[in-house]
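What follows is the content of start16.txt, which has compact mmCIF, C-alpha atoms and all ligand atoms:
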# COMPACT_ATOMS: atom_id res chain seq x y z
CA MET A 149 15.09 -38.55 52.85
CA GLY A 150 14.24 -38.36 56.56
CA ARG A 151 12.99 -35.23 58.19
CA LEU A 152 15.83 -32.92 59.16
CA MET A 153 15.76 -31.35 62.59
CA ASP A 154 17.87 -29.11 64.71
CA THR A 155 16.45 -30.34 67.97
CA PRO A 156 16.22 -34.03 68.73
CA PRO A 157 12.78 -35.55 69.28
CA PRO A 158 11.63 -36.40 72.81
CA GLU A 159 12.88 -39.68 74.23
CA ALA A 160 10.67 -42.63 73.49
CA ASP A 161 9.49 -44.85 76.29
CA ASP A 162 12.33 -47.20 75.63
CA ALA A 163 15.48 -47.07 73.60
CA SER A 164 15.04 -49.70 70.93
CA GLN A 165 12.97 -50.41 67.90
CA GLN A 166 10.62 -52.88 66.43
CA ASN A 167 12.38 -55.06 63.96
CA THR A 168 11.03 -58.55 63.60
CA PRO A 169 11.49 -60.26 60.23
CA GLY A 170 8.91 -58.78 57.91
CA HIS A 171 9.20 -55.41 59.61
CA LEU A 172 11.38 -52.78 58.07
CA PRO A 173 14.31 -51.79 60.28
CA VAL A 174 14.40 -48.25 61.58
CA LEU A 175 15.21 -45.43 59.10
CA ALA A 176 15.59 -48.06 56.36
CA GLU A 177 15.34 -45.70 53.39
CA GLU A 178 17.57 -43.15 55.03
CA VAL A 179 20.26 -45.73 55.84
CA LEU A 180 20.33 -46.81 52.18
CA GLU A 181 20.50 -43.21 51.04
CA TRP A 182 23.38 -42.21 53.31
CA LEU A 183 25.34 -45.48 53.27
CA ASP A 184 24.80 -45.72 49.51
CA PRO A 185 25.80 -49.40 49.09
CA LYS A 186 27.04 -50.39 45.65
CA PRO A 187 27.77 -53.66 43.83
CA GLY A 188 31.29 -54.83 44.59
CA GLY A 189 31.42 -52.86 47.86
CA ARG A 190 32.39 -54.18 51.26
CA TYR A 191 30.11 -53.17 54.12
CA CYS A 192 30.27 -53.77 57.83
CA ASP A 193 27.11 -53.81 59.93
CA LEU A 194 28.41 -53.59 63.48
CA THR A 195 25.06 -54.24 65.15
CA VAL A 196 23.60 -56.77 62.76
CA GLY A 197 20.80 -57.77 65.18
CA MET A 198 18.20 -59.73 63.26
CA GLY A 199 19.75 -58.70 59.96
CA GLY A 200 17.08 -56.23 58.83
CA HIS A 201 19.42 -53.48 57.66
CA ALA A 202 22.00 -56.03 56.52
CA ARG A 203 19.49 -57.61 54.15
CA LEU A 204 18.74 -54.25 52.56
CA VAL A 205 22.44 -53.50 52.15
CA LEU A 206 23.00 -56.91 50.53
CA GLU A 207 20.07 -56.42 48.17
CA ARG A 208 21.28 -52.97 47.18
CA SER A 209 24.87 -54.12 46.64
CA ALA A 210 23.91 -57.22 44.58
CA PRO A 211 25.25 -59.23 42.90
CA ASP A 212 28.64 -59.21 44.60
CA GLY A 213 28.72 -56.72 47.50
CA LYS A 214 30.01 -58.26 50.73
CA LEU A 215 28.73 -57.78 54.25
CA ILE A 216 30.46 -58.45 57.54
CA GLY A 217 27.87 -58.52 60.32
CA MET A 218 28.92 -58.24 63.94
CA ASP A 219 26.93 -58.52 67.16
CA ARG A 220 27.79 -59.21 70.77
CA ASP A 221 24.57 -61.21 71.24
CA PRO A 222 24.86 -64.84 70.06
CA ALA A 223 21.04 -65.11 69.84
CA ALA A 224 20.93 -62.12 67.47
CA LEU A 225 23.58 -63.70 65.26
CA GLU A 226 21.51 -66.88 65.02
CA MET A 227 18.54 -64.87 63.76
CA ALA A 228 20.71 -62.93 61.33
CA ARG A 229 22.18 -66.20 60.05
CA THR A 230 18.71 -67.49 59.17
CA LEU A 231 17.55 -64.27 57.52
CA LEU A 232 20.76 -63.75 55.54
CA GLU A 233 21.25 -67.37 54.46
CA PRO A 234 20.03 -66.71 50.89
CA PHE A 235 23.02 -64.39 50.36
CA GLY A 236 25.47 -67.28 50.85
CA ASP A 237 29.15 -66.41 50.96
CA ARG A 238 28.52 -62.72 50.51
CA VAL A 239 27.93 -62.65 54.28
CA THR A 240 30.34 -63.18 57.18
CA LEU A 241 28.94 -63.07 60.72
CA VAL A 242 31.15 -62.53 63.77
CA HIS A 243 30.39 -62.67 67.48
CA THR A 244 32.19 -59.65 68.90
CA ARG A 245 31.82 -56.26 70.52
CA PHE A 246 32.13 -53.48 67.98
CA SER A 247 34.93 -51.83 69.96
CA GLN A 248 36.98 -54.74 68.55
CA ALA A 249 35.93 -54.10 64.94
CA ARG A 250 39.31 -52.98 63.68
CA GLU A 251 41.09 -56.11 64.96
CA VAL A 252 38.34 -58.37 63.61
CA LEU A 253 38.36 -56.76 60.17
CA ASP A 254 42.15 -56.91 60.05
CA ARG A 255 42.08 -60.59 60.92
CA LEU A 256 39.53 -61.25 58.17
CA GLY A 257 41.58 -59.24 55.66
CA MET A 258 38.56 -56.97 55.11
CA VAL A 259 40.17 -53.55 55.60
CA PRO A 260 39.40 -51.07 54.08
CA VAL A 261 35.60 -51.15 54.02
CA ASP A 262 33.26 -49.01 51.92
CA GLY A 263 30.79 -48.44 54.71
CA PHE A 264 30.05 -48.90 58.39
CA LEU A 265 26.56 -49.07 59.81
CA VAL A 266 25.88 -48.86 63.54
CA ASP A 267 22.29 -49.14 64.80
CA LEU A 268 22.69 -48.70 68.53
CA GLY A 269 20.40 -49.76 71.32
CA VAL A 270 18.70 -53.02 72.16
CA SER A 271 16.74 -55.16 69.74
CA SER A 272 13.09 -56.16 70.10
CA PRO A 273 13.91 -59.77 71.03
CA GLN A 274 16.29 -58.57 73.73
CA LEU A 275 13.65 -56.25 75.10
CA ASP A 276 10.66 -58.53 74.71
CA ARG A 277 12.11 -61.69 76.26
CA PRO A 278 11.64 -61.51 80.02
CA GLU A 279 14.62 -63.82 80.63
CA ARG A 280 17.00 -61.21 79.13
CA GLY A 281 16.07 -58.85 81.95
CA PHE A 282 15.96 -55.58 79.97
CA SER A 283 12.36 -54.60 80.43
CA PHE A 284 10.25 -53.27 83.26
CA ARG A 285 7.18 -54.52 81.40
CA ASN A 286 7.75 -58.24 82.00
CA ASP A 287 9.17 -59.67 85.18
CA GLY A 288 12.42 -61.56 84.73
CA PRO A 289 15.92 -61.94 86.18
CA LEU A 290 17.72 -58.59 86.34
CA ASP A 291 20.35 -59.44 83.72
CA MET A 292 20.56 -56.81 80.90
CA ARG A 293 23.70 -58.24 79.30
CA MET A 294 23.56 -58.03 75.52
CA ASP A 295 26.09 -60.83 75.57
CA PRO A 296 24.84 -63.30 78.17
CA THR A 297 28.10 -65.24 77.91
CA ALA A 298 30.24 -62.45 79.39
CA GLY A 299 30.45 -59.93 82.19
CA GLU A 300 28.42 -58.83 85.14
CA THR A 301 24.60 -58.82 85.26
CA ALA A 302 22.64 -55.76 86.38
CA ALA A 303 21.77 -57.55 89.65
CA GLN A 304 25.48 -58.20 90.32
CA LEU A 305 26.28 -54.59 89.52
CA LEU A 306 23.65 -53.38 92.02
CA ALA A 307 25.04 -55.69 94.68
CA ARG A 308 28.64 -54.55 94.08
CA MET A 309 28.22 -50.78 93.90
CA ASP A 310 27.89 -48.54 96.93
CA GLU A 311 25.22 -45.87 97.18
CA GLU A 312 27.43 -43.11 95.79
CA GLU A 313 28.48 -45.13 92.73
CA LEU A 314 24.88 -46.12 92.06
CA GLU A 315 23.73 -42.54 92.29
CA GLN A 316 26.38 -41.48 89.79
CA VAL A 317 25.47 -44.22 87.29
CA ILE A 318 21.76 -43.44 87.55
CA ARG A 319 22.35 -39.71 87.20
CA ASP A 320 24.98 -39.82 84.45
CA TYR A 321 23.58 -42.61 82.29
CA GLY A 322 19.87 -42.25 83.09
CA GLU A 323 19.78 -38.47 83.36
CA GLU A 324 17.54 -39.14 86.37
CA ARG A 325 17.05 -36.04 88.51
CA HIS A 326 16.14 -38.14 91.52
CA ALA A 327 19.16 -40.42 91.26
CA ALA A 328 19.99 -39.99 94.94
CA ARG A 329 16.56 -41.21 96.05
CA VAL A 330 16.66 -44.18 93.69
CA ALA A 331 20.17 -45.18 94.81
CA ARG A 332 19.16 -44.95 98.46
CA ALA A 333 16.05 -47.05 97.85
CA ILE A 334 18.11 -49.75 96.10
CA VAL A 335 20.68 -49.90 98.89
CA GLU A 336 17.95 -50.04 101.55
CA ALA A 337 16.03 -52.76 99.71
CA GLN A 338 19.19 -54.86 99.46
CA ARG A 339 19.41 -55.01 103.27
CA SER A 340 16.49 -57.41 103.23
CA GLY A 341 17.48 -59.36 100.12
CA PRO A 342 18.90 -59.00 96.60
CA VAL A 343 17.23 -56.77 94.00
CA ASP A 344 17.50 -59.43 91.35
CA THR A 345 14.38 -59.18 89.20
CA THR A 346 13.15 -56.49 86.83
CA GLY A 347 9.84 -56.44 88.72
CA LYS A 348 11.48 -55.74 92.10
CA LEU A 349 13.58 -52.93 90.64
CA ALA A 350 10.71 -51.33 88.72
CA ALA A 351 8.49 -51.37 91.81
CA LEU A 352 11.08 -49.88 94.12
CA VAL A 353 11.97 -47.11 91.66
CA ALA A 354 8.27 -46.25 91.29
CA ARG A 355 7.98 -45.97 95.08
CA ALA A 356 11.16 -43.90 95.39
CA LEU A 357 10.19 -41.17 92.91
CA PRO A 358 8.18 -38.24 94.23
CA ARG A 359 6.40 -37.66 90.91
CA HIS A 360 5.79 -39.78 87.83
CA GLU A 361 6.09 -38.31 84.31
CA ARG A 362 2.94 -38.79 82.30
CA GLY A 363 3.16 -41.52 79.65
CA LYS A 364 6.53 -42.78 80.86
CA ASN A 365 7.23 -45.69 83.16
CA PRO A 366 8.97 -44.25 86.25
CA ALA A 367 11.73 -46.86 85.94
CA THR A 368 12.65 -45.90 82.33
CA ARG A 369 15.65 -43.76 83.25
CA THR A 370 17.01 -46.16 85.86
CA PHE A 371 16.73 -49.11 83.46
CA GLN A 372 18.50 -47.14 80.73
CA ALA A 373 21.28 -46.22 83.15
CA LEU A 374 21.87 -49.80 84.27
CA ARG A 375 21.78 -51.13 80.72
CA ILE A 376 24.41 -48.61 79.64
CA ALA A 377 26.58 -49.46 82.65
CA VAL A 378 26.25 -53.25 82.31
CA ASN A 379 27.13 -53.16 78.60
CA GLN A 380 29.62 -50.27 78.86
CA GLU A 381 27.78 -48.82 75.92
CA LEU A 382 29.36 -45.37 75.83
CA ASP A 383 32.92 -46.75 76.04
CA GLU A 384 32.11 -49.16 73.24
CA LEU A 385 30.94 -46.29 71.07
CA GLU A 386 33.96 -44.08 71.87
CA GLN A 387 36.38 -46.90 71.10
CA PHE A 388 34.71 -47.74 67.83
CA LEU A 389 34.59 -44.11 66.68
CA ALA A 390 38.28 -43.68 67.50
CA ALA A 391 39.19 -46.58 65.19
CA ALA A 392 36.55 -46.35 62.47
CA THR A 393 38.11 -43.79 60.14
CA ASP A 394 41.31 -45.82 59.75
CA CYS A 395 39.30 -48.76 58.41
CA LEU A 396 37.33 -46.78 55.81
CA ARG A 397 38.33 -46.43 52.18
CA PRO A 398 38.47 -42.80 50.95
CA GLY A 399 34.87 -42.02 49.98
CA GLY A 400 33.67 -44.78 52.34
CA ARG A 401 30.80 -43.91 54.63
CA LEU A 402 29.92 -44.14 58.29
CA CYS A 403 26.24 -44.15 59.35
CA ILE A 404 25.26 -44.20 62.99
CA ILE A 405 21.79 -44.39 64.49
CA ALA A 406 21.59 -43.35 68.14
CA PHE A 407 18.61 -43.77 70.44
CA HIS A 408 19.29 -41.42 73.30
CA SER A 409 20.92 -38.08 73.77
CA LEU A 410 24.03 -39.43 75.53
CA GLU A 411 24.95 -41.56 72.53
CA ASP A 412 23.99 -38.91 70.02
CA ARG A 413 26.13 -36.33 71.80
CA ILE A 414 29.17 -38.61 71.59
CA VAL A 415 28.57 -39.27 67.88
CA LYS A 416 28.06 -35.60 67.08
CA ARG A 417 31.12 -34.47 69.03
CA ARG A 418 33.41 -37.15 67.65
CA LEU A 419 32.33 -36.58 64.05
CA ARG A 420 32.98 -32.86 64.43
CA THR A 421 36.46 -33.55 65.74
CA LEU A 422 37.21 -35.98 62.90
CA ALA A 423 35.92 -33.37 60.45
CA GLY A 424 38.63 -31.03 61.72
CA ARG A 425 36.27 -28.78 63.67
CA ASP A 426 36.54 -27.88 67.34
CA GLY A 427 40.35 -27.96 67.15
CA GLY A 428 40.37 -31.57 66.06
CA GLY A 429 43.44 -31.33 63.79
CA PRO A 430 43.39 -32.09 60.05
CA ALA A 431 40.01 -33.21 58.71
CA ARG A 432 39.74 -36.95 58.00
CA LEU A 433 35.95 -37.08 57.50
CA ARG A 434 33.33 -34.91 55.90
CA ILE A 435 30.00 -34.76 57.74
CA LEU A 436 27.20 -35.55 55.28
CA THR A 437 24.14 -34.95 57.48
CA LYS A 438 24.14 -31.23 58.18
CA HIS A 439 21.36 -31.82 60.70
CA VAL A 440 20.50 -35.01 62.48
CA VAL A 441 18.09 -37.20 60.45
CA VAL A 442 14.98 -38.49 62.23
CA PRO A 443 12.14 -40.72 60.99
CA HIS A 444 9.26 -39.36 58.95
CA ASN A 445 5.93 -39.07 60.70
CA ASP A 446 4.54 -42.22 59.09
CA GLU A 447 7.42 -44.29 60.47
CA ARG A 448 7.01 -42.68 63.89
CA VAL A 449 3.33 -43.62 63.87
CA ARG A 450 3.90 -47.13 62.47
CA ASN A 451 6.77 -47.90 64.81
CA ARG A 452 6.60 -46.24 68.18
CA ARG A 453 10.07 -47.34 69.07
CA SER A 454 11.57 -45.49 66.07
CA ARG A 455 10.66 -42.15 67.63
CA SER A 456 13.93 -41.57 69.38
CA ALA A 457 16.13 -42.64 66.42
CA ARG A 458 18.71 -40.11 65.16
CA LEU A 459 20.96 -40.80 62.20
CA ARG A 460 24.26 -39.09 61.41
CA ALA A 461 26.50 -39.89 58.45
CA ALA A 462 30.02 -38.95 57.38
CA GLU A 463 32.39 -39.76 54.51
CA ARG A 464 36.11 -40.53 54.63
CA LEU A 465 38.18 -37.92 52.84
C1 LIG B 1 18.81 -52.20 67.47
S1 LIG B 1 19.58 -53.74 67.30
C2 LIG B 1 20.08 -53.79 65.62
C3 LIG B 1 19.01 -54.21 64.67
C4 LIG B 1 19.52 -54.41 63.26
N1 LIG B 1 19.98 -53.18 62.66
C5 LIG B 1 18.46 -55.04 62.38
O1 LIG B 1 18.09 -54.43 61.37
O2 LIG B 1 18.01 -56.14 62.69
C6 LIG B 1 21.07 -53.48 68.12
C7 LIG B 1 21.98 -54.68 68.18
O3 LIG B 1 23.27 -54.19 68.51
C8 LIG B 1 23.91 -55.11 69.33
N2 LIG B 1 24.94 -54.37 70.06
C9 LIG B 1 24.77 -53.32 70.88
N3 LIG B 1 25.96 -52.88 71.34
C10 LIG B 1 26.90 -53.65 70.76
C11 LIG B 1 28.33 -53.67 70.82
N4 LIG B 1 29.02 -52.82 71.57
N5 LIG B 1 28.98 -54.58 70.06
C12 LIG B 1 28.30 -55.46 69.28
N6 LIG B 1 26.94 -55.49 69.20
C13 LIG B 1 26.26 -54.60 69.93
C14 LIG B 1 22.80 -55.65 70.20
O4 LIG B 1 23.14 -56.92 70.71
C15 LIG B 1 21.62 -55.71 69.23
O5 LIG B 1 21.51 -56.97 68.63
Would you give me this structure, written as structure tokens?
Amino acid sequence: MGRLMDTPPPEADDASQQNTPGHLPVLAEEVLEWLDPKPGGRYCDLTVGMGGHARLVLERSAPDGKLIGMDRDPAALEMARTLLEPFGDRVTLVHTRFSQAREVLDRLGMVPVDGFLVDLGVSSPQLDRPERGFSFRNDGPLDMRMDPTAGETAAQLLARMDEEELEQVIRDYGEERHAARVARAIVEAQRSGPVDTTGKLAALVARALPRHERGKNPATRTFQALRIAVNQELDELEQFLAAATDCLRPGGRLCIIAFHSLEDRIVKRRLRTLAGRDGGGPARLRILTKHVVVPHNDERVRNRRSRSARLRAAERL
């Protein structure tokens, strides 16, 4: 079982994890322990990514457990399709946002499910490919859409928002103390041309900040903020959590891995409400993880990006 902690670990340099085929996905053992997949069960991986966790769930629920894998990124689904091919018709993959999970599962006739897994954040391929525009490490178009077929890019968002809106996004979603300076610098820079590459944005944020935190790229918080805004990540999570319990079989489990404190706070608060605490009405879930579960030291050393992972699990009553 993962190390149990009261206080979350410090934020990692970025909010994703290493998970190429051959690598174990983050908190792999812990996910299997808390999700507890069984033969004959029906599991839904809402962020199937490259299929790392999904493969483990399928192996554990052999010979006849079923898995519905969802992702908003068509490129991720392609990778998952390749990795999960050996499991044949035990797997169904769907291109969708997980806020739509209830409708999708209903349409597929897959309700109720025995378990939901959500592994939030961006995947390594999203982060590592410059053309996806998520990373300050490689220069690329300032895109940041997990689903490149829909919605507004980060560059379009910067061009549309006024200084006040930008400041609010950067402060609320990036927890950036110097949000006002960063917003002003973006607006000023746009007077002489669009801020439309990751390189331009990273450089102007670095110039705008009075001090740089040691070991952390100065643009980390601003990039996190824009990514959350572009993908409406917190709304997605709220909408999913509001619908999830209805789709679970009694005894069915919900496991969520968050990568930053904003997400983890939403998960913690919502699970407490659904467990009938904090004036949330009759209990519909039982919280299984008394304290948030974080990776063991060896995983943290092996996989730097796992360091900010926090798992919480609950069971339908
Ligand atoms: C950290 S990766 C998941 C990795 C996966 N667990 C594995 O083992 O390969 C997160 C994935 O969630 C997807 N994602 C994030 N938010 C989403 C949302 N609201 N709806 C659907 N997919 C989402 C991303 O596109 C990305 O592929």
If we count all atoms listed in the file and set the cut-off at 7 Å, which residues sit around stretch 298-314 of chain A, ignoring sequence neighbours fewer than 2 positions away in its own chain? Please answer as a PyMOL selection string.
chain A and resi 290-293+295-296+316-318+331-332+335+343-344+374+378
Nearest to ligand LIG 1 (chain B): which of A:Val242, A:Leu232, A:Leu180, A:Val270 is it, counting all atoms listed in the file?
A:Val270
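The space separating atom CA of A:Arg452 from atom CA of A:Arg280 comes to 21.3 Å.
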Selection near stretch 386-391 of chain A, 10 Å with all atoms listed in the file, sequence-local residues under 6 positions removed, as a tab-separated table (two decimals) with C-alpha atoms, in the frame of the given file:
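Okay, this is what ended up in part-v4.tsv:
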chain	number	residue	atom	x	y	z
A	194	LEU	CA	28.41	-53.59	63.48
A	245	ARG	CA	31.82	-56.26	70.52
A	246	PHE	CA	32.13	-53.48	67.98
A	247	SER	CA	34.93	-51.83	69.96
A	248	GLN	CA	36.98	-54.74	68.55
A	249	ALA	CA	35.93	-54.10	64.94
A	250	ARG	CA	39.31	-52.98	63.68
A	251	GLU	CA	41.09	-56.11	64.96
A	266	VAL	CA	25.88	-48.86	63.54
A	402	LEU	CA	29.92	-44.14	58.29
A	411	GLU	CA	24.95	-41.56	72.53
A	414	ILE	CA	29.17	-38.61	71.59
A	415	VAL	CA	28.57	-39.27	67.88
A	418	ARG	CA	33.41	-37.15	67.65
A	419	LEU	CA	32.33	-36.58	64.05
A	422	LEU	CA	37.21	-35.98	62.90
Expected answer as an NGL selection string: residues within 6 Å of ligand LIG 1 (chain B), all atoms listed in the file:
:A and (164 or 167 or 173 or 195-201 or 219-221 or 224 or 244-246 or 267-271 or 294 or 384)
Set the distance at 12 Å and use all atoms listed in the file: which residues neighbour A:Ala431 once local chain neighbours fewer than 3 positions away are removed? I'd like the list as an MDAnalysis selection string.
chainID A and resid 393 418:428 434:435 462:465
Pick the closest to A:His326 from A:Val261, A:Ala354, A:Cys192, A:Ala202: which is it, counting only C-alpha atoms?
A:Ala354
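Minimum atom-to-atom distance to A:Leu225, evaluated using all atoms listed in the file, belongs to A:Asp193 out of A:Asp193, A:Asp237, A:Glu178, A:Glu279.
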How many Å separate atom CA of A:Ala333 from atom CA of A:Phe284?
16.9 Å
Kindly give the distance, in Å, that separates atom CA of A:Ala350 and atom CA of A:Glu324, rounded to a single decimal.
14.2 Å
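Minimum distance to A:Ala337 across A:Arg448, A:Glu233, A:Val239, A:Arg355 (counting all atoms listed in the file) occurs at A:Arg355.
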Nearest to A:Gly188, restricted to all atoms listed in the file and choosing among A:Asn365, A:Thr346, A:Gly263, A:Leu172, comes out as A:Gly263
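Residues in contact with A:Arg329 at up to 9 Å, not including ones fewer than 6 positions away on its chain and judged by all atoms listed in the file, are Glu315, Val353, Ala356 and Leu357 of chain A.
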Find the spatial neighbours of A:Ile376, counting all atoms listed in the file, within a cut-off of 9 Å - ignore same-chain residues fewer than 4 positions away - and output them as an mmCIF file with C-alpha atoms, in the frame of the given file.
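New file part.cif:
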data_model
loop_
_atom_site.group_PDB
_atom_site.id
_atom_site.type_symbol
_atom_site.label_atom_id
_atom_site.label_comp_id
_atom_site.auth_asym_id
_atom_site.auth_seq_id
_atom_site.Cartn_x
_atom_site.Cartn_y
_atom_site.Cartn_z
ATOM 1 C CA VAL A 317 25.470 -44.220 87.290
ATOM 2 C CA TYR A 321 23.580 -42.610 82.290
ATOM 3 C CA GLY A 322 19.870 -42.250 83.090
ATOM 4 C CA PHE A 371 16.730 -49.110 83.460
ATOM 5 C CA GLN A 372 18.500 -47.140 80.730
ATOM 6 C CA GLN A 380 29.620 -50.270 78.860
ATOM 7 C CA GLU A 381 27.780 -48.820 75.920
ATOM 8 C CA LEU A 382 29.360 -45.370 75.830
#
Mind giving me the axis-aligned box for stretch 202-220 of chain A with 8 Å on every side, centre plus edges in Å to one decimal, as JSON?
{"center_x": 24.6, "center_y": -56.1, "center_z": 56.8, "size_x": 27.7, "size_y": 22.3, "size_z": 43.9}
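In terms of minimum interatomic distance to A:Arg285, A:Lys364 ranks closest within A:His444, A:Arg255, A:Lys364, A:His408, counting only C-alpha atoms.
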